[in-house]
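Source file: work_16.cif. Holds: mmCIF, C-alpha atoms.
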```
data_work
loop_
_atom_site.label_atom_id
_atom_site.label_comp_id
_atom_site.auth_asym_id
_atom_site.auth_seq_id
_atom_site.Cartn_x
_atom_site.Cartn_y
_atom_site.Cartn_z
CA MET C 1 -2.83 24.82 -7.40
CA ASN C 2 -2.48 22.09 -4.80
CA PRO C 3 0.80 22.59 -2.85
CA LEU C 4 1.79 19.00 -3.65
CA PHE C 5 2.13 19.87 -7.34
CA GLU C 6 4.78 21.87 -9.16
CA THR C 7 4.95 22.36 -12.90
CA GLU C 8 7.92 23.54 -14.88
CA GLY C 9 7.25 23.61 -18.60
CA ALA C 10 5.83 20.21 -19.52
CA CYS C 11 7.16 18.55 -16.37
CA LEU C 12 4.91 17.95 -13.38
CA THR C 13 6.54 17.17 -10.02
CA ILE C 14 4.33 15.55 -7.40
CA MET C 15 5.64 16.00 -3.86
CA LEU C 16 4.24 12.89 -2.24
CA PRO C 17 3.23 13.09 1.42
CA ALA C 18 4.50 10.97 4.36
CA GLU C 19 2.06 8.11 3.70
CA VAL C 20 1.02 7.12 0.19
CA ASP C 21 -1.97 4.87 0.76
CA HIS C 22 -5.44 4.42 -0.77
CA PRO C 23 -7.11 7.73 0.24
CA VAL C 24 -3.96 9.76 -0.53
CA SER C 25 -3.47 8.07 -3.92
CA ASP C 26 -7.11 8.75 -4.88
CA MET C 27 -6.72 12.42 -3.99
CA ILE C 28 -3.45 12.79 -5.93
CA ARG C 29 -4.90 10.99 -8.97
CA LYS C 30 -7.88 13.38 -9.12
CA GLU C 31 -5.77 16.49 -8.54
CA SER C 32 -3.14 15.52 -11.10
CA ASP C 33 -5.89 14.80 -13.64
CA LYS C 34 -7.00 18.42 -13.17
CA VAL C 35 -3.46 19.72 -13.72
CA MET C 36 -3.01 17.53 -16.81
CA GLU C 37 -6.28 18.76 -18.31
CA LYS C 38 -5.14 22.38 -18.07
CA THR C 39 -1.44 22.05 -18.88
CA TYR C 40 0.38 19.91 -21.45
CA ILE C 41 2.44 17.50 -19.36
CA LYS C 42 5.08 15.24 -20.89
CA THR C 43 6.88 14.01 -17.77
CA VAL C 44 5.76 13.28 -14.23
CA VAL C 45 8.33 13.18 -11.41
CA PHE C 46 7.27 11.45 -8.20
CA ASP C 47 9.22 13.01 -5.34
CA PHE C 48 9.30 10.62 -2.37
CA GLU C 49 11.45 12.84 -0.15
CA LYS C 50 8.82 13.04 2.61
CA THR C 51 7.47 9.51 2.10
CA GLY C 52 8.08 6.86 4.73
CA PHE C 53 5.17 4.56 3.92
CA MET C 54 3.58 3.31 0.71
CA ASP C 55 1.35 0.39 -0.30
CA SER C 56 0.02 -0.97 -3.60
CA SER C 57 -2.27 2.05 -3.99
CA GLY C 58 0.87 4.09 -4.69
CA ILE C 59 1.90 1.58 -7.35
CA GLY C 60 -1.57 1.94 -8.90
CA LEU C 61 -1.14 5.71 -8.89
CA ILE C 62 2.21 5.48 -10.71
CA MET C 63 0.92 2.95 -13.27
CA GLY C 64 -2.14 5.12 -13.89
CA ARG C 65 0.00 8.19 -14.60
CA TYR C 66 2.24 6.13 -16.88
CA LYS C 67 -0.82 5.10 -18.92
CA ALA C 68 -2.19 8.66 -18.92
CA LEU C 69 1.13 9.84 -20.41
CA GLY C 70 0.89 7.33 -23.25
CA MET C 71 3.42 4.86 -21.75
CA ARG C 72 6.31 6.67 -23.44
CA ASN C 73 9.91 5.97 -22.57
CA GLY C 74 11.14 8.16 -19.72
CA CYS C 75 7.76 9.79 -19.08
CA ILE C 76 7.83 8.95 -15.36
CA ARG C 77 10.60 9.23 -12.79
CA ALA C 78 10.95 8.64 -9.06
CA VAL C 79 13.34 10.68 -6.91
CA HIS C 80 14.41 10.64 -3.24
CA VAL C 81 13.29 7.02 -2.94
CA ASN C 82 13.95 5.25 0.37
CA GLY C 83 14.51 1.52 0.87
CA HIS C 84 10.87 0.64 1.54
CA VAL C 85 9.51 2.50 -1.48
CA GLU C 86 12.23 1.08 -3.73
CA LYS C 87 11.34 -2.44 -2.61
CA LEU C 88 7.72 -1.88 -3.68
CA LEU C 89 8.75 -0.36 -7.03
CA ARG C 90 10.93 -3.40 -7.76
CA LEU C 91 8.52 -6.05 -6.50
CA SER C 92 5.72 -4.61 -8.63
CA GLY C 93 7.92 -4.40 -11.73
CA VAL C 94 7.20 -0.67 -12.13
CA HIS C 95 10.97 -0.01 -11.93
CA ARG C 96 11.27 -1.29 -15.50
CA TYR C 97 9.37 1.72 -16.77
CA MET C 98 10.96 4.44 -14.69
CA GLU C 99 14.27 5.88 -13.63
CA ILE C 100 14.69 5.61 -9.87
CA GLN C 101 16.90 7.96 -7.91
CA ARG C 102 17.71 6.87 -4.35
CA GLN C 103 17.62 9.18 -1.39
CA GLU C 104 21.12 10.54 -0.67
CA ALA C 105 22.98 8.20 1.68
CA ALA C 106 23.58 11.14 4.03
CA CYS C 107 19.82 11.73 4.35
CA GLU C 108 19.13 8.13 5.23
CA ASN C 109 21.44 8.30 8.24
CA ILE C 110 19.56 11.18 9.84
CA GLY C 111 17.95 10.11 13.08
CA GLU C 112 19.99 6.97 13.48
CA MET O 1 6.56 -18.66 29.93
CA GLU O 2 5.62 -18.37 26.30
CA ASN O 3 4.93 -14.90 25.09
CA THR O 4 1.24 -14.65 24.21
CA ASN O 5 -0.78 -11.52 23.81
CA GLU O 6 -3.92 -10.70 21.84
CA MET O 7 -5.90 -7.74 20.66
CA THR O 8 -8.92 -7.18 18.44
CA ILE O 9 -10.30 -3.96 17.05
CA VAL O 10 -13.48 -3.47 15.04
CA PHE O 11 -13.78 -0.38 12.90
CA ASP O 12 -15.80 1.13 10.04
CA SER O 13 -14.70 0.32 6.50
CA ARG O 14 -13.72 3.92 5.76
CA PRO O 15 -10.45 4.65 3.89
CA VAL O 16 -9.35 6.96 6.71
CA ASN O 17 -9.20 3.90 9.02
CA GLU O 18 -6.53 2.17 6.89
CA GLY O 19 -3.92 4.30 8.67
CA LEU O 20 -5.42 3.47 12.06
CA ALA O 21 -5.29 -0.26 11.32
CA ARG O 22 -1.65 -0.41 10.22
CA VAL O 23 -0.41 1.88 12.99
CA THR O 24 -2.28 -0.19 15.60
CA VAL O 25 -0.64 -3.41 14.40
CA ALA O 26 2.76 -1.70 14.23
CA ALA O 27 2.36 -0.57 17.86
CA PHE O 28 1.17 -4.02 18.94
CA CYS O 29 4.16 -5.82 17.44
CA THR O 30 6.79 -3.53 19.02
CA GLN O 31 6.77 -6.00 21.96
CA LEU O 32 8.77 -8.31 19.70
CA ASN O 33 11.32 -5.56 19.04
CA PRO O 34 11.08 -5.75 15.23
CA THR O 35 13.43 -3.90 12.87
CA LEU O 36 12.17 -0.81 11.07
CA GLU O 37 12.07 -2.85 7.87
CA GLU O 38 9.92 -5.53 9.49
CA VAL O 39 7.52 -2.87 10.77
CA ALA O 40 7.27 -1.30 7.30
CA ASP O 41 6.57 -4.73 5.79
CA ILE O 42 3.83 -5.50 8.34
CA LYS O 43 2.23 -2.08 7.90
CA THR O 44 2.09 -2.55 4.13
CA ALA O 45 0.56 -6.03 4.44
CA VAL O 46 -2.13 -4.79 6.87
CA SER O 47 -2.85 -1.80 4.65
CA GLU O 48 -3.36 -4.12 1.66
CA ALA O 49 -5.73 -6.43 3.53
CA VAL O 50 -7.82 -3.58 4.95
CA THR O 51 -7.95 -1.73 1.61
CA ASN O 52 -9.26 -4.95 0.03
CA CYS O 53 -12.11 -5.10 2.59
CA ILE O 54 -13.06 -1.49 1.87
CA ILE O 55 -12.81 -1.47 -1.93
CA HIS O 56 -13.73 -5.05 -2.79
CA GLY O 57 -15.40 -6.68 0.25
CA TYR O 58 -17.79 -3.85 0.99
CA GLU O 59 -17.48 -2.07 -2.39
CA GLY O 60 -17.23 1.34 -0.73
CA LYS O 61 -20.20 0.87 1.62
CA VAL O 62 -19.58 1.36 5.34
CA HIS O 63 -19.70 -1.81 7.44
CA LYS O 64 -17.41 -3.34 10.06
CA ILE O 65 -13.90 -4.72 9.64
CA ARG O 66 -12.47 -6.91 12.38
CA LEU O 67 -8.70 -6.90 12.86
CA SER O 68 -7.19 -9.38 15.32
CA CYS O 69 -3.55 -9.81 16.26
CA ARG O 70 -1.93 -12.46 18.36
CA LEU O 71 1.62 -13.13 19.47
CA ARG O 72 2.89 -16.67 19.68
CA GLY O 73 6.50 -16.73 20.78
CA ARG O 74 8.37 -14.75 18.10
CA GLU O 75 5.42 -14.95 15.68
CA LEU O 76 2.87 -12.29 14.91
CA LEU O 77 -0.46 -13.61 13.63
CA ILE O 78 -2.91 -11.22 12.00
CA ASP O 79 -6.50 -11.83 10.86
CA VAL O 80 -8.40 -9.26 8.81
CA ALA O 81 -12.07 -10.13 8.39
CA ASP O 82 -15.04 -8.59 6.61
CA GLU O 83 -18.63 -9.72 6.06
CA GLY O 84 -18.71 -8.46 2.50
CA VAL O 85 -19.31 -9.94 -0.93
CA GLY O 86 -16.61 -12.63 -0.70
CA ILE O 87 -14.21 -13.77 -3.42
CA LYS O 88 -15.40 -16.22 -6.07
CA ASP O 89 -11.96 -17.32 -7.22
CA VAL O 90 -9.33 -16.77 -4.52
CA ALA O 91 -6.42 -18.12 -6.61
CA LYS O 92 -7.28 -15.67 -9.41
CA ALA O 93 -7.62 -12.76 -6.95
CA MET O 94 -4.15 -13.53 -5.61
CA GLU O 95 -2.45 -13.43 -9.03
CA PRO O 96 -0.03 -10.50 -9.43
CA MET O 97 -1.50 -7.61 -11.48
CA TYR O 98 -4.99 -9.10 -11.42
CA THR O 99 -7.59 -6.53 -10.44
CA THR O 100 -11.33 -6.16 -10.95
CA LYS O 101 -10.96 -2.39 -10.66
CA PRO O 102 -8.30 -1.19 -13.14
CA GLU O 103 -10.36 1.95 -13.87
CA LYS O 104 -9.72 3.05 -10.28
CA ASP O 105 -5.96 2.75 -10.79
CA ARG O 106 -5.76 -0.32 -8.59
CA SER O 107 -2.47 -2.09 -9.25
CA GLY O 108 -3.56 -5.67 -8.53
CA MET O 109 -0.51 -6.06 -6.29
CA GLY O 110 -2.27 -6.24 -2.90
CA PHE O 111 -2.03 -10.00 -2.29
CA THR O 112 1.42 -10.11 -3.93
CA PHE O 113 2.72 -7.58 -1.40
CA MET O 114 1.06 -9.44 1.49
CA GLU O 115 2.75 -12.66 0.38
CA ALA O 116 6.10 -10.94 -0.19
CA PHE O 117 6.17 -9.25 3.19
CA MET O 118 4.64 -11.91 5.44
CA ASP O 119 5.85 -15.50 5.94
CA GLU O 120 2.41 -17.00 5.35
CA VAL O 121 -0.84 -15.71 3.88
CA SER O 122 -4.04 -17.70 3.54
CA VAL O 123 -7.51 -16.64 2.54
CA GLU O 124 -10.88 -18.02 3.59
CA SER O 125 -13.76 -16.66 1.59
CA GLN O 126 -17.38 -17.43 0.93
CA VAL O 127 -19.37 -15.56 -1.70
CA GLY O 128 -22.04 -13.47 0.02
CA LYS O 129 -20.64 -14.19 3.48
CA GLY O 130 -17.27 -12.49 3.62
CA THR O 131 -13.53 -12.98 3.66
CA ILE O 132 -10.84 -13.57 6.27
CA VAL O 133 -7.17 -13.06 5.46
CA HIS O 134 -4.77 -14.82 7.84
CA MET O 135 -1.18 -13.63 7.90
CA LYS O 136 1.84 -14.77 9.89
CA LYS O 137 5.30 -13.34 10.30
CA ALA O 138 8.17 -14.37 12.54
CA ILE O 139 10.14 -11.47 14.01
CA ARG O 140 13.70 -12.61 13.67
CA ARG O 141 15.67 -10.76 16.27
#
```
Please rewrite the model in this file as structure tokens.
Amino acid sequence: MNPLFETEGACLTIMLPAEVDHPVSDMIRKESDKVMEKTYIKTVVFDFEKTGFMDSSGIGLIMGRYKALGMRNGCIRAVHVNGHVEKLLRLSGVHRYMEIQRQEAACENIGE
Amino acid sequence: MENTNEMTIVFDSRPVNEGLARVTVAAFCTQLNPTLEEVADIKTAVSEAVTNCIIHGYEGKVHKIRLSCRLRGRELLIDVADEGVGIKDVAKAMEPMYTTKPEKDRSGMGFTFMEAFMDEVSVESQVGKGTIVHMKKAIRR
């Protein structure tokens, strides 16, 4: 399986890369479709720990997974979200459908 | 003397060049000493405009995209131009969540993000001739 994906039971965690743009989102969509065909997935967790950049392609990716999971309550989550990613999640309104966990404050100070 | 500087790059409408475009603009605008947040905003706006050229303007075919940047005092002006299919109804295209390609998991948020992150966004488009997106942002500090 693609190293960006981790399944535990019916939960799929996607470890998003540094930049979540159009080509990356297309690749992740196709790969996660493959995982979801083989394994019954109820929840998808988007892990933004390594992500510094995202654009609307990432929002499309999240909305697409939400639809693929039947738009059930709590079926998608975002973790380790930084300020930039959170801004996009809120602006797009996607935050209404998902629980968002911020990056630890301690992590954000690294490199400053 | 007023701070003016210009650059133009022309590149193929391949998805891999979206990263090149936004990083080039980010490097260009460092002369204005922007905050990290301002750089992230500009990169997202450029990424949206260039993605639009690739997916919508040229519909996946490989042609040229022209990206021009100019500094005017504390302002950064960006033009992203293609010679693609053009937009029939610009106002409709700019509506949040409106997309002609929902099956490709496009969010329809491209223009909304450009408008949110830049001070001004305007679009010139002619069906069959192409589209130019003009964007402007003042770097505050």
Region 34-43 of chain C environment, 7 Å, all atoms listed in the file, sequence neighbours closer than 2 positions dropped, as a list in words: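 The residues that qualify are Ala10, Cys11, Leu12, Lys30, Glu31, Ser32, Val45, Leu69, Cys75 and Ile76 of chain C.
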Local residues around (6.0, -10.4, 10.0), at most 10 Å away, using all atoms listed in the file, as an MDAnalysis selection string: chainID O and resid 29 34 37:43 45 74:78 114 117:120 135:140
Interface rows for chain C against chain O: nearest pair, Å to one decimal, 8 Å, only C-alpha atoms, as a Markdown table:
```
| residue | atom | partner | partner_atom | distance |
| --- | --- | --- | --- | --- |
| C:Asp21 | CA | O:Ser47 | CA | 7.8 |
| C:His22 | CA | O:Pro15 | CA | 6.8 |
| C:Pro23 | CA | O:Pro15 | CA | 5.8 |
| C:Phe53 | CA | O:Ala40 | CA | 7.1 |
| C:Met54 | CA | O:Thr44 | CA | 6.9 |
| C:Asp55 | CA | O:Thr44 | CA | 5.4 |
| C:Ser56 | CA | O:Met109 | CA | 5.8 |
| C:Ser57 | CA | O:Arg106 | CA | 6.2 |
| C:Ile59 | CA | O:Ser107 | CA | 6.0 |
| C:Gly60 | CA | O:Ser107 | CA | 4.1 |
| C:Leu61 | CA | O:Asp105 | CA | 6.0 |
| C:Met63 | CA | O:Ser107 | CA | 7.3 |
| C:Gly64 | CA | O:Asp105 | CA | 5.5 |
| C:His84 | CA | O:Ala40 | CA | 7.1 |
| C:Leu88 | CA | O:Phe113 | CA | 7.9 |
| C:Leu91 | CA | O:Phe113 | CA | 7.9 |
| C:Ser92 | CA | O:Met109 | CA | 6.8 |
```
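This file, queried with the PyMOL selection byres ((chain O and resi 123) around 6), gives the residues Ser122, Glu124, Ile132 and Val133 of chain O.
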Hits of the PyMOL selection byres ((chain O and resi 90) around 10) in this structure, as a list in words: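 Applied to this file, the PyMOL selection byres ((chain O and resi 90) around 10) selects Gly86, Ile87, Lys88, Asp89, Ala91, Lys92, Ala93, Met94, Glu95, Ser122, Val123, Glu124, Ser125, Gln126 and Thr131 of chain O.
One distance worth recording is that between CA of Val50 (chain O) and CA of Arg65 (chain C), which is 24.1 Å.
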